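What's in protein.cif: mmCIF, C-alpha atoms
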data_run
#
loop_
_atom_site.group_PDB
_atom_site.id
_atom_site.type_symbol
_atom_site.label_atom_id
_atom_site.label_comp_id
_atom_site.auth_asym_id
_atom_site.auth_seq_id
_atom_site.Cartn_x
_atom_site.Cartn_y
_atom_site.Cartn_z
ATOM 1 C CA MET H 276 66.269 126.868 106.170
ATOM 2 C CA LYS H 277 67.707 124.409 108.686
ATOM 3 C CA THR H 278 66.523 120.839 109.137
ATOM 4 C CA ILE H 279 67.245 118.011 111.552
ATOM 5 C CA ILE H 280 68.824 114.655 110.707
ATOM 6 C CA ASN H 281 68.347 111.800 113.136
ATOM 7 C CA ILE H 282 70.982 109.094 112.955
ATOM 8 C CA LYS H 283 71.704 106.051 115.073
ATOM 9 C CA THR H 284 75.218 105.494 116.359
ATOM 10 C CA ASP H 285 76.852 103.806 119.300
ATOM 11 C CA LYS H 286 76.791 105.917 122.435
ATOM 12 C CA GLU H 287 80.582 105.656 122.783
ATOM 13 C CA ILE H 288 81.103 106.932 119.222
ATOM 14 C CA LYS H 289 78.827 109.909 119.824
ATOM 15 C CA THR H 290 80.516 110.733 123.121
ATOM 16 C CA LYS H 291 83.990 110.577 121.583
ATOM 17 C CA ALA H 292 82.890 112.562 118.518
ATOM 18 C CA VAL H 293 81.346 115.309 120.646
ATOM 19 C CA GLN H 294 84.495 115.467 122.798
ATOM 20 C CA THR H 295 86.816 115.529 119.787
ATOM 21 C CA ALA H 296 84.805 118.305 118.137
ATOM 22 C CA HIS H 297 84.769 120.209 121.434
ATOM 23 C CA ASP H 298 88.561 119.820 121.749
ATOM 24 C CA MET H 299 88.841 121.387 118.284
ATOM 25 C CA GLY H 300 86.523 124.233 119.283
ATOM 26 C CA LEU H 301 83.661 123.061 117.058
ATOM 27 C CA PRO H 302 80.123 121.877 117.619
ATOM 28 C CA LEU H 303 79.518 118.370 116.286
ATOM 29 C CA SER H 304 76.916 119.730 113.857
ATOM 30 C CA THR H 305 79.624 121.785 112.118
ATOM 31 C CA VAL H 306 81.759 118.654 111.700
ATOM 32 C CA VAL H 307 78.830 116.638 110.315
ATOM 33 C CA ASN H 308 77.826 119.455 107.929
ATOM 34 C CA GLY H 309 81.422 119.653 106.700
ATOM 35 C CA PHE H 310 81.452 115.929 105.958
ATOM 36 C CA LEU H 311 78.087 116.138 104.191
ATOM 37 C CA LYS H 312 79.211 119.054 102.009
ATOM 38 C CA LYS H 313 82.399 117.204 101.047
ATOM 39 C CA PHE H 314 80.335 114.077 100.296
ATOM 40 C CA ILE H 315 78.065 116.063 97.968
ATOM 41 C CA ILE H 316 80.929 117.746 96.115
ATOM 42 C CA GLU H 317 83.254 114.742 95.788
ATOM 43 C CA ARG H 318 80.581 112.039 95.518
ATOM 44 C CA GLN H 319 82.737 109.657 97.483
ATOM 45 C CA VAL H 320 83.232 108.449 101.020
ATOM 46 C CA SER H 321 86.597 107.733 102.589
ATOM 47 C CA PHE H 322 87.493 106.643 106.076
ATOM 48 C CA SER H 323 90.887 106.946 107.652
ATOM 49 C CA ALA H 324 92.483 106.896 111.051
ATOM 50 C CA PRO H 325 95.994 107.704 112.092
ATOM 51 C CA LEU H 326 98.203 104.651 112.223
ATOM 52 C CA LYS H 327 98.885 103.541 115.758
ATOM 53 C CA PRO H 328 101.793 101.185 116.304
ATOM 54 C CA SER H 329 101.211 98.029 118.318
ATOM 55 C CA LEU H 330 102.793 97.691 121.749
ATOM 56 C CA LYS H 331 105.176 95.096 120.291
ATOM 57 C CA LEU H 332 106.305 97.529 117.574
ATOM 58 C CA ILE H 333 106.748 100.330 120.125
ATOM 59 C CA LYS H 334 108.989 98.015 122.174
ATOM 60 C CA ILE H 335 111.057 97.119 119.093
ATOM 61 C CA LEU H 336 111.420 100.789 118.097
ATOM 62 C CA ARG H 337 112.534 101.774 121.609
ATOM 63 C CA GLN H 338 115.153 99.016 121.599
ATOM 64 C CA THR H 339 116.309 100.063 118.138
ATOM 65 C CA ASN H 340 116.750 103.658 119.311
ATOM 66 C CA LYS H 341 118.771 102.444 122.311
ATOM 67 C CA ASP H 342 120.964 100.350 120.005
ATOM 68 C CA ILE H 343 121.555 103.311 117.673
ATOM 69 C CA GLU H 344 122.466 105.579 120.592
ATOM 70 C CA ALA H 345 124.850 102.904 121.911
ATOM 71 C CA GLY H 346 126.307 102.335 118.431
ATOM 72 C CA LYS H 347 125.572 98.602 118.467
ATOM 73 C CA ASN H 348 123.805 96.264 116.029
ATOM 74 C CA LEU H 349 124.612 98.629 113.164
ATOM 75 C CA SER H 350 126.005 97.962 109.691
ATOM 76 C CA GLY H 351 127.344 100.236 107.010
ATOM 77 C CA PRO H 352 127.119 102.776 105.698
ATOM 78 C CA PHE H 353 127.373 101.182 102.301
ATOM 79 C CA TYR H 354 128.256 103.294 99.302
ATOM 80 C CA SER H 355 127.193 100.793 96.669
ATOM 81 C CA ALA H 356 124.916 97.816 96.270
ATOM 82 C CA LYS H 357 127.946 95.632 95.625
ATOM 83 C CA GLU H 358 129.529 96.700 98.903
ATOM 84 C CA MET H 359 126.324 95.837 100.751
ATOM 85 C CA ALA H 360 125.975 92.484 98.975
ATOM 86 C CA ASN H 361 129.560 91.588 99.882
ATOM 87 C CA TYR H 362 128.846 92.413 103.508
ATOM 88 C CA LEU H 363 125.669 90.331 103.523
ATOM 89 C CA ASN H 364 127.446 87.358 101.922
ATOM 90 C CA PHE H 365 130.115 87.697 104.598
ATOM 91 C CA LEU H 366 127.434 87.182 107.266
ATOM 92 C CA LYS H 367 126.402 83.780 105.860
#
Structure rendered as C-alpha cells:
Amino acid sequence: MKTIINIKTDKEIKTKAVQTAHDMGLPLSTVVNGFLKKFIIERQVSFSAPLKPSLKLIKILRQTNKDIEAGKNLSGPFYSAKEMANYLNFLK
C-alpha cells in the first residue's frame, strides 16, 4: 500500500532536487524512498556535498599549473628529509 508524505521545503530546493533526479533519470519519489530506506536500515543521517574550490583557490591552482608547465617556482626532488632540510635552511 502506498501513502503520501507532505513535507515543507524551500521552492528552490525542490526545483533543484526535481531537476537533479530528472537528470539522473529518476522521479524524485524514488530518490526520497531510497533515502528513507537507508535511514531505516542504518539508523543514521548524513549530509554531504562535493567540495567546490573557491574562486581564489581556482586562481592559485591555475597559476601553479602554469608554473609547473614552465618549470619555474619548483624545488627538488628531494631523496631524503635531510636533503630537503638542507635546502630549506639554505633559503633562510
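Distance-wise, CA of Ser323 in chain H and CA of Gly300 in chain H end up 21.3 Å apart.
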**Request:** Could you check which of H:Ile315, H:Lys341, H:Asn361, H:Thr290 is closest to Leu303 in chain H, using all atoms listed in the file?
**Result:** H:Thr290
**Request:** Find the residues near Leu363 in chain H: any atom within 12 Å, counting only C-alpha atoms, skip ones fewer than 4 places away on the same chain, and give them as a PyMOL selection string.
**Result:** chain H and resi 350-351+353+356-359+367
Take the residues from that selection and write them out as a PDB file, keeping the file's coordinate frame, keeping C-alpha atoms.
ATOM      1  CA  SER H 350     126.005  97.962 109.691  1.00  0.00           C
ATOM      2  CA  GLY H 351     127.344 100.236 107.010  1.00  0.00           C
ATOM      3  CA  PHE H 353     127.373 101.182 102.301  1.00  0.00           C
ATOM      4  CA  ALA H 356     124.916  97.816  96.270  1.00  0.00           C
ATOM      5  CA  LYS H 357     127.946  95.632  95.625  1.00  0.00           C
ATOM      6  CA  GLU H 358     129.529  96.700  98.903  1.00  0.00           C
ATOM      7  CA  MET H 359     126.324  95.837 100.751  1.00  0.00           C
ATOM      8  CA  LYS H 367     126.402  83.780 105.860  1.00  0.00           C
TER       9      LYS H 367
END
**Asked** Can you list, as a list in words, every protein, DNA or RNA residue that comes within 10 Å of Val320 in chain H when you count all atoms listed in the file, leaving out same-chain residues fewer than 3 positions away?
**Response** Phe310, Leu311, Lys313, Phe314, Ile315 and Glu317 of chain H
